[in-house]
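File shown: coords_29.csv. Contents: CSV, C-alpha atoms (C1' of nucleotides) and all ligand atoms.
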```
chain,number,residue,atom,x,y,z
C,1,MET,CA,14.6,14.8,0.1
C,2,PRO,CA,17.5,17.1,0.9
C,3,TRP,CA,19.0,19.2,-1.9
C,4,LYS,CA,22.7,18.7,-1.9
C,5,ASP,CA,23.4,22.3,-2.7
C,6,GLY,CA,20.9,23.8,-0.3
C,7,THR,CA,18.6,25.2,-3.0
C,8,GLY,CA,14.9,25.2,-2.7
C,9,PRO,CA,12.4,22.6,-4.0
C,10,PRO,CA,12.6,23.1,-7.7
C,11,TRP,CA,10.6,21.2,-10.3
C,12,LEU,CA,11.5,19.1,-13.3
C,13,GLN,CA,14.2,19.2,-15.8
C,14,GLY,CA,17.5,20.7,-15.0
C,15,LYS,CA,16.3,20.7,-11.4
C,16,PHE,CA,17.8,17.3,-11.1
C,17,LYS,CA,21.3,18.8,-11.2
C,18,GLY,CA,20.5,20.9,-8.1
C,19,CYS,CA,20.7,17.6,-6.2
C,20,GLY,CA,23.8,16.4,-7.9
C,21,TYR,CA,21.9,13.9,-10.0
C,22,ARG,CA,22.3,13.6,-13.8
C,23,LEU,CA,19.4,14.3,-16.0
C,24,THR,CA,19.9,11.3,-18.4
C,25,VAL,CA,17.9,10.2,-21.3
C,26,PRO,CA,16.0,7.5,-19.4
C,27,ARG,CA,15.1,10.0,-16.6
C,28,GLN,CA,14.1,12.6,-19.1
C,29,ALA,CA,11.9,10.0,-20.9
C,30,ILE,CA,10.2,9.0,-17.7
C,31,LEU,CA,9.6,12.6,-16.7
C,32,ASP,CA,8.1,13.2,-20.2
C,33,VAL,CA,5.7,10.3,-19.8
C,34,LEU,CA,4.6,11.5,-16.4
C,35,ASN,CA,4.2,15.0,-17.7
C,36,SER,CA,2.0,14.0,-20.6
C,37,THR,CA,-0.7,12.1,-18.8
C,38,THR,CA,-3.4,12.7,-16.2
C,39,GLU,CA,-3.5,9.1,-15.3
C,40,HIS,CA,-2.1,7.6,-12.1
C,41,LEU,CA,0.5,5.4,-13.6
C,42,SER,CA,2.0,2.3,-11.9
C,43,ALA,CA,5.7,1.6,-12.4
C,44,GLU,CA,4.8,-0.9,-15.1
C,45,ASP,CA,2.4,1.5,-16.8
C,46,THR,CA,5.2,4.0,-16.9
C,47,TYR,CA,7.6,1.4,-18.3
C,48,LEU,CA,5.2,0.5,-21.1
C,49,LYS,CA,4.7,4.0,-22.2
C,50,VAL,CA,8.4,4.8,-22.0
C,51,HIS,CA,9.1,1.5,-23.9
C,52,LYS,CA,7.3,2.7,-27.0
C,53,VAL,CA,9.7,5.5,-27.5
C,54,HIS,CA,12.8,4.0,-25.9
C,55,PRO,CA,12.7,0.3,-26.1
C,56,ALA,CA,16.1,0.0,-24.5
C,57,ILE,CA,15.0,1.5,-21.1
C,58,GLY,CA,14.4,-1.2,-18.6
C,59,LEU,CA,11.8,-1.7,-15.9
C,60,THR,CA,14.4,-1.5,-13.2
C,61,THR,CA,15.4,1.9,-14.3
C,62,VAL,CA,11.8,3.0,-14.2
C,63,TYR,CA,11.5,1.8,-10.6
C,64,ARG,CA,14.7,3.4,-9.6
C,65,THR,CA,13.9,6.7,-11.3
C,66,LEU,CA,10.4,6.9,-9.9
C,67,GLU,CA,11.8,6.3,-6.4
C,68,LEU,CA,14.3,9.0,-7.0
C,69,LEU,CA,11.6,11.4,-8.1
C,70,VAL,CA,9.6,10.6,-5.1
C,71,GLN,CA,12.6,11.2,-2.8
C,72,THR,CA,13.3,14.6,-4.4
C,73,GLY,CA,9.7,15.6,-4.2
C,74,MET,CA,9.0,15.8,-7.9
C,75,VAL,CA,6.6,12.9,-7.8
C,76,PHE,CA,4.0,11.7,-5.4
C,77,LYS,CA,3.5,8.0,-4.7
C,78,PHE,CA,0.1,6.7,-3.8
C,79,ASP,CA,-1.5,3.5,-2.7
C,80,PHE,CA,-5.0,3.2,-4.0
C,81,GLY,CA,-5.4,-0.3,-2.7
C,82,ASP,CA,-4.9,-2.3,-5.9
C,83,GLY,CA,-1.6,-3.7,-4.8
C,84,ARG,CA,0.7,-1.5,-6.8
C,85,ALA,CA,2.1,1.9,-6.2
C,86,ARG,CA,0.8,4.7,-8.4
C,87,TYR,CA,2.8,7.8,-9.3
C,88,GLU,CA,1.9,11.3,-10.3
C,89,LEU,CA,3.9,14.4,-11.0
C,90,SER,CA,3.6,16.6,-8.0
C,91,GLU,CA,3.4,19.7,-10.1
C,92,GLY,CA,4.1,20.5,-13.7
C,93,PRO,CA,3.2,22.7,-16.7
C,94,LYS,CA,0.7,20.3,-18.2
C,95,GLY,CA,-0.2,18.6,-15.0
C,96,ILE,CA,-3.1,19.3,-12.7
C,97,GLY,CA,-2.0,21.2,-9.7
C,98,HIS,CA,-2.2,20.1,-6.1
C,99,HIS,CA,-5.3,18.0,-5.6
C,100,HIS,CA,-6.8,15.2,-3.6
C,101,HIS,CA,-8.5,12.0,-4.6
C,102,LEU,CA,-11.8,10.2,-4.6
C,103,VAL,CA,-11.2,6.4,-4.7
C,104,CYS,CA,-14.0,4.1,-5.7
C,105,THR,CA,-13.7,0.9,-3.6
C,106,GLY,CA,-15.9,-0.8,-6.1
C,107,CYS,CA,-14.1,-0.5,-9.4
C,108,GLY,CA,-10.9,1.4,-8.4
C,109,ARG,CA,-11.7,4.5,-10.3
C,110,ILE,CA,-9.8,7.5,-9.2
C,111,ILE,CA,-11.1,11.0,-9.4
C,112,ASP,CA,-8.8,14.0,-9.0
C,113,TYR,CA,-10.6,16.9,-7.4
C,114,THR,CA,-9.6,20.5,-6.6
C,115,ASP,CA,-13.0,21.6,-5.4
C,116,PHE,CA,-13.2,23.1,-1.9
C,117,ILE,CA,-9.5,23.1,-1.9
C,118,ASP,CA,-9.5,26.8,-0.8
C,119,GLU,CA,-11.2,26.0,2.4
C,120,GLU,CA,-9.2,22.8,2.8
C,121,VAL,CA,-5.9,24.6,2.2
C,122,GLU,CA,-6.7,27.1,4.9
C,123,LEU,CA,-7.6,24.5,7.4
C,124,LEU,CA,-4.7,22.3,6.5
C,125,LYS,CA,-2.3,25.2,7.1
C,126,ARG,CA,-3.7,25.8,10.5
C,127,THR,CA,-3.7,22.1,11.3
C,128,GLU,CA,-0.2,21.6,10.1
C,129,LYS,CA,1.0,24.5,12.2
C,130,GLY,CA,-0.7,23.2,15.3
C,131,LEU,CA,0.6,19.7,14.7
C,132,SER,CA,4.1,20.8,14.0
C,133,LYS,CA,4.2,22.6,17.2
C,134,LYS,CA,2.5,20.1,19.4
C,135,TYR,CA,4.4,17.1,18.2
C,136,ASN,CA,7.5,18.9,17.0
C,137,PHE,CA,7.0,17.4,13.6
C,138,LYS,CA,8.3,19.0,10.4
C,139,ILE,CA,5.4,18.5,8.0
C,140,THR,CA,6.3,18.4,4.4
C,141,ASN,CA,3.3,17.0,2.8
C,142,HIS,CA,-0.2,15.8,3.3
C,143,MET,CA,-2.4,13.2,1.7
C,144,ILE,CA,-6.2,13.2,1.6
C,145,GLN,CA,-8.4,10.5,0.1
C,146,PHE,CA,-12.1,10.0,0.2
C,147,HIS,CA,-13.3,6.5,-0.3
C,148,GLY,CA,-16.6,5.4,-1.5
C,149,LEU,CA,-18.6,4.2,-4.5
C,150,CYS,CA,-18.7,6.0,-7.8
C,151,GLU,CA,-21.7,6.6,-9.9
C,152,LYS,CA,-21.6,3.2,-11.6
C,153,CYS,CA,-20.8,1.2,-8.6
C,154,GLN,CA,-23.3,2.4,-6.0
Q,1,MET,CA,-19.3,-4.0,3.1
Q,2,PRO,CA,-23.1,-4.4,3.0
Q,3,TRP,CA,-24.8,-6.0,6.0
Q,4,LYS,CA,-26.8,-8.9,4.8
Q,5,ASP,CA,-29.7,-8.2,7.1
Q,6,GLY,CA,-29.9,-4.5,6.5
Q,7,THR,CA,-28.8,-3.5,10.0
Q,8,GLY,CA,-26.6,-0.5,10.6
Q,9,PRO,CA,-22.9,-0.4,11.0
Q,10,PRO,CA,-22.3,-2.2,14.3
Q,11,TRP,CA,-19.0,-2.8,16.0
Q,12,LEU,CA,-17.2,-5.9,17.1
Q,13,GLN,CA,-18.3,-9.1,18.6
Q,14,GLY,CA,-21.7,-10.6,17.7
Q,15,LYS,CA,-21.9,-7.9,15.1
Q,16,PHE,CA,-20.3,-10.5,12.8
Q,17,LYS,CA,-23.5,-12.4,12.7
Q,18,GLY,CA,-25.4,-9.4,11.4
Q,19,CYS,CA,-23.5,-10.1,8.2
Q,20,GLY,CA,-24.1,-13.8,8.2
Q,21,TYR,CA,-20.5,-14.5,9.2
Q,22,ARG,CA,-19.6,-16.8,12.1
Q,23,LEU,CA,-17.7,-15.4,15.1
Q,24,THR,CA,-15.2,-18.2,15.4
Q,25,VAL,CA,-12.4,-18.6,17.9
Q,26,PRO,CA,-9.7,-17.4,15.4
Q,27,ARG,CA,-11.8,-14.4,14.5
Q,28,GLN,CA,-12.5,-13.6,18.1
Q,29,ALA,CA,-8.8,-13.9,18.9
Q,30,ILE,CA,-7.8,-11.6,16.2
Q,31,LEU,CA,-10.4,-9.0,17.3
Q,32,ASP,CA,-9.0,-9.3,20.8
Q,33,VAL,CA,-5.5,-8.6,19.7
Q,34,LEU,CA,-6.6,-5.6,17.7
Q,35,ASN,CA,-8.7,-4.4,20.6
Q,36,SER,CA,-5.8,-4.5,23.1
Q,37,THR,CA,-3.2,-2.5,21.3
Q,38,THR,CA,-2.7,1.1,20.2
Q,39,GLU,CA,-0.1,0.0,17.6
Q,40,HIS,CA,-0.7,-0.2,13.9
Q,41,LEU,CA,-0.2,-3.9,13.4
Q,42,SER,CA,0.8,-5.6,10.2
Q,43,ALA,CA,-0.8,-9.0,9.3
Q,44,GLU,CA,2.3,-10.7,10.6
Q,45,ASP,CA,2.4,-8.6,13.8
Q,46,THR,CA,-1.1,-9.6,14.4
Q,47,TYR,CA,-0.3,-13.2,13.7
Q,48,LEU,CA,2.5,-13.2,16.2
Q,49,LYS,CA,0.4,-11.8,18.9
Q,50,VAL,CA,-2.4,-14.2,18.2
Q,51,HIS,CA,0.0,-17.0,18.0
Q,52,LYS,CA,1.1,-16.6,21.6
Q,53,VAL,CA,-2.4,-17.5,22.9
Q,54,HIS,CA,-3.6,-19.7,20.0
Q,55,PRO,CA,-0.6,-21.4,18.4
Q,56,ALA,CA,-2.9,-23.3,16.1
Q,57,ILE,CA,-4.2,-20.2,14.3
Q,58,GLY,CA,-2.4,-19.7,11.0
Q,59,LEU,CA,-1.1,-16.7,9.1
Q,60,THR,CA,-3.5,-17.3,6.3
Q,61,THR,CA,-6.5,-17.0,8.6
Q,62,VAL,CA,-5.1,-13.8,10.0
Q,63,TYR,CA,-4.9,-12.3,6.5
Q,64,ARG,CA,-8.4,-13.6,5.6
Q,65,THR,CA,-9.9,-12.3,8.8
Q,66,LEU,CA,-8.3,-8.9,8.6
Q,67,GLU,CA,-9.6,-8.5,5.0
Q,68,LEU,CA,-13.0,-9.5,6.2
Q,69,LEU,CA,-12.9,-7.0,9.0
Q,70,VAL,CA,-11.9,-4.3,6.5
Q,71,GLN,CA,-14.7,-5.2,4.2
Q,72,THR,CA,-17.2,-5.1,7.0
Q,73,GLY,CA,-15.9,-1.7,8.1
Q,74,MET,CA,-14.7,-2.9,11.5
Q,75,VAL,CA,-11.0,-2.4,10.7
Q,76,PHE,CA,-9.2,0.3,8.7
Q,77,LYS,CA,-6.3,-0.7,6.5
Q,78,PHE,CA,-3.4,1.7,6.0
Q,79,ASP,CA,-0.3,2.0,3.9
Q,80,PHE,CA,2.4,4.0,5.7
Q,81,GLY,CA,4.9,3.3,3.0
Q,82,ASP,CA,6.9,0.4,4.6
Q,83,GLY,CA,5.7,-2.2,2.2
Q,84,ARG,CA,3.2,-3.9,4.4
Q,85,ALA,CA,-0.4,-3.1,5.2
Q,86,ARG,CA,-1.2,-1.9,8.7
Q,87,TYR,CA,-4.5,-2.5,10.4
Q,88,GLU,CA,-6.4,-0.7,13.1
Q,89,LEU,CA,-9.7,-1.2,14.8
Q,90,SER,CA,-12.0,1.5,13.3
Q,91,GLU,CA,-13.6,2.0,16.7
Q,92,GLY,CA,-13.7,0.1,19.9
Q,93,PRO,CA,-14.0,0.3,23.7
Q,94,LYS,CA,-10.4,0.4,24.4
Q,95,GLY,CA,-9.4,2.0,21.1
Q,96,ILE,CA,-8.8,5.5,20.3
Q,97,GLY,CA,-11.6,7.0,18.4
Q,98,HIS,CA,-11.5,8.4,14.9
Q,99,HIS,CA,-8.2,10.0,14.2
Q,100,HIS,CA,-5.7,10.8,11.6
Q,101,HIS,CA,-2.0,10.1,11.2
Q,102,LEU,CA,1.4,11.8,11.2
Q,103,VAL,CA,3.9,9.7,9.3
Q,104,CYS,CA,7.6,10.2,9.8
Q,105,THR,CA,9.3,9.6,6.4
Q,106,GLY,CA,12.6,9.2,8.3
Q,107,CYS,CA,12.0,6.4,10.7
Q,108,GLY,CA,8.5,5.4,9.9
Q,109,ARG,CA,7.0,6.4,13.3
Q,110,ILE,CA,3.3,6.9,13.3
Q,111,ILE,CA,1.5,9.4,15.5
Q,112,ASP,CA,-2.2,9.3,16.0
Q,113,TYR,CA,-3.7,12.6,16.5
Q,114,THR,CA,-7.2,13.9,17.2
Q,115,ASP,CA,-6.3,17.5,17.7
Q,116,PHE,CA,-8.1,20.0,15.5
Q,117,ILE,CA,-10.5,17.2,14.6
Q,118,ASP,CA,-13.5,19.4,15.4
Q,119,GLU,CA,-12.6,21.9,12.7
Q,120,GLU,CA,-11.6,19.1,10.4
Q,121,VAL,CA,-14.7,17.2,10.9
Q,122,GLU,CA,-16.8,20.2,10.0
Q,123,LEU,CA,-14.9,20.9,6.9
Q,124,LEU,CA,-14.8,17.2,5.9
Q,125,LYS,CA,-18.6,17.0,6.2
Q,126,ARG,CA,-19.0,20.0,3.9
Q,127,THR,CA,-16.4,18.7,1.5
Q,128,GLU,CA,-17.9,15.3,1.4
Q,129,LYS,CA,-21.3,16.7,0.8
Q,130,GLY,CA,-20.1,18.8,-2.1
Q,131,LEU,CA,-18.1,16.0,-3.6
Q,132,SER,CA,-20.9,13.5,-3.3
Q,133,LYS,CA,-23.1,15.9,-5.2
Q,134,LYS,CA,-20.7,17.0,-7.9
Q,135,TYR,CA,-19.3,13.6,-8.7
Q,136,ASN,CA,-22.3,11.5,-7.7
Q,137,PHE,CA,-20.0,9.7,-5.3
Q,138,LYS,CA,-21.2,7.9,-2.2
Q,139,ILE,CA,-18.5,8.7,0.3
Q,140,THR,CA,-18.1,6.2,3.1
Q,141,ASN,CA,-14.8,7.1,4.6
Q,142,HIS,CA,-11.8,9.4,4.4
Q,143,MET,CA,-8.1,9.2,5.0
Q,144,ILE,CA,-5.8,11.9,6.0
Q,145,GLN,CA,-2.1,11.6,6.6
Q,146,PHE,CA,0.5,14.3,7.2
Q,147,HIS,CA,4.0,13.3,6.2
Q,148,GLY,CA,7.2,14.8,7.5
Q,149,LEU,CA,10.0,14.3,9.9
Q,150,CYS,CA,9.6,13.6,13.6
Q,151,GLU,CA,11.5,15.1,16.4
Q,152,LYS,CA,14.4,12.7,16.2
Q,153,CYS,CA,14.6,12.6,12.4
Q,154,GLN,CA,14.7,16.3,11.5
L,1,DT,C1',41.8,11.5,-24.1
L,2,DT,C1',41.6,9.5,-19.7
L,3,DA,C1',40.2,8.6,-15.2
L,4,DA,C1',36.6,8.5,-11.7
L,5,DT,C1',32.1,7.7,-10.9
L,6,DA,C1',27.1,7.7,-11.6
L,7,DA,C1',23.6,5.3,-14.1
L,8,DT,C1',21.7,1.5,-16.5
L,9,DG,C1',19.6,-3.0,-17.5
L,10,DA,C1',19.4,-8.2,-17.4
L,11,DT,C1',18.9,-11.3,-14.0
L,12,DA,C1',18.0,-13.3,-9.8
L,13,DA,C1',16.2,-12.8,-5.2
L,14,DT,C1',12.7,-11.0,-1.7
L,15,DC,C1',8.8,-11.0,0.5
L,16,DA,C1',4.0,-9.6,1.4
L,17,DT,C1',-0.2,-11.3,-0.1
L,18,DT,C1',-3.3,-14.9,-2.6
L,19,DA,C1',-4.9,-19.2,-4.4
L,20,DT,C1',-5.6,-24.2,-3.6
L,21,DC,C1',-7.6,-27.8,-1.4
L,22,DA,C1',-8.3,-31.4,1.9
L,23,DA,C1',-9.5,-31.4,6.8
L,24,DT,C1',-12.5,-29.2,10.6
L,25,DA,C1',-15.8,-26.7,12.9
L,26,DA,C1',-20.3,-24.6,13.4
L,27,DG,C1',-25.1,-24.2,12.8
L,28,DA,C1',-29.5,-26.2,11.0
L,29,DA,C1',-32.4,-30.1,10.6
L,30,DA,C1',-34.0,-34.4,12.0
N,1,DT,C1',-28.0,-36.2,20.3
N,2,DT,C1',-26.9,-37.5,15.4
N,3,DT,C1',-26.7,-36.2,10.8
N,4,DC,C1',-26.3,-33.1,7.1
N,5,DT,C1',-24.8,-28.9,4.9
N,6,DT,C1',-21.8,-25.4,4.4
N,7,DA,C1',-18.5,-22.0,6.2
N,8,DT,C1',-14.0,-21.8,8.0
N,9,DT,C1',-9.5,-23.1,8.6
N,10,DG,C1',-4.4,-24.0,7.9
N,11,DA,C1',-0.5,-26.1,5.3
N,12,DT,C1',1.4,-25.4,1.2
N,13,DA,C1',2.4,-23.7,-3.2
N,14,DA,C1',1.9,-19.8,-6.3
N,15,DT,C1',1.8,-15.0,-7.5
N,16,DG,C1',3.5,-10.6,-8.4
N,17,DA,C1',5.3,-6.2,-7.2
N,18,DT,C1',9.5,-4.4,-5.8
N,19,DT,C1',14.7,-4.8,-4.7
N,20,DA,C1',19.4,-6.5,-4.7
N,21,DT,C1',23.4,-7.8,-7.7
N,22,DC,C1',26.8,-6.9,-10.8
N,23,DA,C1',28.9,-6.4,-15.1
N,24,DT,C1',28.5,-2.9,-18.7
N,25,DT,C1',27.8,1.7,-20.4
N,26,DA,C1',27.3,6.8,-20.1
N,27,DT,C1',28.5,11.2,-18.1
N,28,DT,C1',31.4,14.5,-16.2
N,29,DA,C1',35.8,16.5,-14.7
N,30,DA,C1',40.6,16.6,-15.1
C,201,MN,MN,-4.3,12.6,-8.9
C,202,MN,MN,-3.9,5.2,14.2
C,203,ZN,ZN,-16.6,2.5,-9.2
C,204,ZN,ZN,11.2,9.8,12.6
```
Rewrite the structure from the file as structure tokens, please.
Amino acid sequence: MPWKDGTGPPWLQGKFKGCGYRLTVPRQAILDVLNSTTEHLSAEDTYLKVHKVHPAIGLTTVYRTLELLVQTGMVFKFDFGDGRARYELSEGPKGIGHHHHLVCTGCGRIIDYTDFIDEEVELLKRTEKGLSKKYNFKITNHMIQFHGLCEKCQ
Amino acid sequence: MPWKDGTGPPWLQGKFKGCGYRLTVPRQAILDVLNSTTEHLSAEDTYLKVHKVHPAIGLTTVYRTLELLVQTGMVFKFDFGDGRARYELSEGPKGIGHHHHLVCTGCGRIIDYTDFIDEEVELLKRTEKGLSKKYNFKITNHMIQFHGLCEKCQ
DNA sequence: TTAATAATGATAATCATTATCAATAAGAAA
DNA sequence: TTTCTTATTGATAATGATTATCATTATTAA
């Protein structure tokens, strides 16, 4: 979402302040959890992990913070079809970079992949440019998922 | 989902029977509604439209039927971020063919697009082949969304 | 400090989706 | 047809993820 001071899209930490938000203990803790996992955590997953270190932090705050992180572009929110939203740091030191997902419709397993990204990126750029022009749409992000059956499930 | 008699992936109508399911009045009515709109209907949207012609058909049946249609591949289920699932005939006489979506994060507007699909299709094929091999994943479908701000919202 | 305001967390409320289960409808058998 | 067997339906209640409230607490600026 819009950065209140007009700065670019920063990542993590003090970047919060660039939007006029406070980087509080709960927010820091939630960022830490997201930054130290490769899983696709639900709000409750996140809450449980945060809870181990900071038992006082509530589920409501986790929901609120995740939403804030999504709005500021620091976190991506996904729906993999299991009835709860899943969150993932959009970028970070320990995190995997930009990637797409394979979703097993059998067991729900998610595979991050970055293969073929080069070709994809090139095409996506062209596509985004064309779409932006034709539909006068300001594209800020894209989402690609492949659905199918994983090794075990097929 | 799997076709009980081993036939290919058919569309609409009597195709139901190929799976051992009955093409009942409610199911027919729901298919008719989906087949006569270009909107991305939620379960309740669908119910309301069905209700005008068949007031006896209940919301539960709409949910069940939509899920069945999704499982049999006749309908795609989407999450555009507004808290309810959206459904669209995967293919049909009056429907638009395979396409992807532009999602406005401002007002929720959805734009179907088929532009650049040729290039996309080619790349997707290659990508799917590569991913299938590398991860031993049987890919059955893909989902692409571009998120951003529409004309009005930017 | 103190004042002004942003953030938090316990709780209750929403609301889309599912589970139940008795009543019906549809297809097969007689 | 008539009967039998089973799939389907719909009213209702239950579930469960997410949000709204609101009094309390933490943070920042004066
Ligand atoms: Mn991922
Ligand atoms: Mn569409
Ligand atoms: Zn699987
Ligand atoms: Zn818009």
Could you make a table, as JSON lines, of the residues of chain C that have an atom within 9 Å of an atom of chain N, each with its nearest atom pair and distance in Å to one decimal, counting all atoms listed in the file, in chain and number order?
```
{"residue": "C:Arg22", "atom": "CA", "partner": "N:DT27", "partner_atom": "C1'", "distance": 7.9}
{"residue": "C:Thr24", "atom": "CA", "partner": "N:DT27", "partner_atom": "C1'", "distance": 8.6}
{"residue": "C:Tyr63", "atom": "CA", "partner": "N:DT18", "partner_atom": "C1'", "distance": 8.1}
{"residue": "C:Gly83", "atom": "CA", "partner": "N:DA17", "partner_atom": "C1'", "distance": 7.7}
{"residue": "C:Arg84", "atom": "CA", "partner": "N:DA17", "partner_atom": "C1'", "distance": 6.6}
{"residue": "C:Ala85", "atom": "CA", "partner": "N:DA17", "partner_atom": "C1'", "distance": 8.8}
```
- request: Counting all atoms listed in the file, name the residues that have an atom within 10 Å of an atom of ligand ZN 204 (chain C); the answer should be given as an MDAnalysis selection string.
  value: (chainID C and resid 137:138) or (chainID Q and resid 103:110 148:154)
- prompt: How would you write as JSON, numbers by chain the residues that get within 8 Å of (20.0, -0.9, -17.0) in the file's frame, counting all atoms listed in the file?
  reply: {"C": [57, 58, 60, 61], "L": [7, 8, 9, 10]}
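One distance worth recording is that between CA of Leu59 in chain C and CA of Thr46 in chain C, which is 8.8 Å.
When all atoms listed in the file are used to compute distances to chain Q, the closest of the residues C:Glu67, C:Glu119, C:Asp82, C:Glu39 turns out to be C:Glu119.
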With chain Q as the partner and 10 Å as the cut-off, tabulate the residues of chain L that qualify, each row holding the nearest pair of atoms and their distance in Å to one decimal, using only C-alpha atoms (C1' of nucleotides), sorted by chain and rising number, as JSON lines.
```
{"residue": "L:DC15", "atom": "C1'", "partner": "Q:Gly83", "partner_atom": "CA", "distance": 9.5}
{"residue": "L:DA16", "atom": "C1'", "partner": "Q:Arg84", "partner_atom": "CA", "distance": 6.5}
{"residue": "L:DT17", "atom": "C1'", "partner": "Q:Tyr63", "partner_atom": "CA", "distance": 8.2}
{"residue": "L:DT18", "atom": "C1'", "partner": "Q:Thr60", "partner_atom": "CA", "distance": 9.2}
{"residue": "L:DA25", "atom": "C1'", "partner": "Q:Thr24", "partner_atom": "CA", "distance": 8.9}
{"residue": "L:DA26", "atom": "C1'", "partner": "Q:Arg22", "partner_atom": "CA", "distance": 7.9}
{"residue": "L:DG27", "atom": "C1'", "partner": "Q:Arg22", "partner_atom": "CA", "distance": 9.2}
```
field: Residues of chain Q within 8 Å of chain C, counting all atoms listed in the file, as a count of residues only
entry: 27
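Residues of protein, DNA or RNA lying at most 7 Å from ligand MN 202 (chain C), when all atoms listed in the file are considered, are His40, Glu88, His99, His100, His101, Ile111 and Asp112 of chain Q.
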Write out, as a compact mmCIF listing (two decimals), keeping the file's coordinate frame, the residues just selected, with C-alpha atoms.
```txt
# COMPACT_ATOMS: atom_id res chain seq x y z
CA HIS Q 40 -0.70 -0.20 13.90
CA GLU Q 88 -6.40 -0.70 13.10
CA HIS Q 99 -8.20 10.00 14.20
CA HIS Q 100 -5.70 10.80 11.60
CA HIS Q 101 -2.00 10.10 11.20
CA ILE Q 111 1.50 9.40 15.50
CA ASP Q 112 -2.20 9.30 16.00
```
- prompt: What does the distance from CA of Asp45 in chain C to CA of Tyr21 in chain C come to in Å, to one decimal?
  reply: 24.1 Å
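Rounded to one decimal, CA of Thr114 in chain Q and CA of Phe76 in chain C lie 25.3 Å from each other.
Nearest residue to ligand MN 201 (chain C) among C:His54, C:Lys133, C:Lys125, C:Arg86 is C:Arg86, counting all atoms listed in the file.
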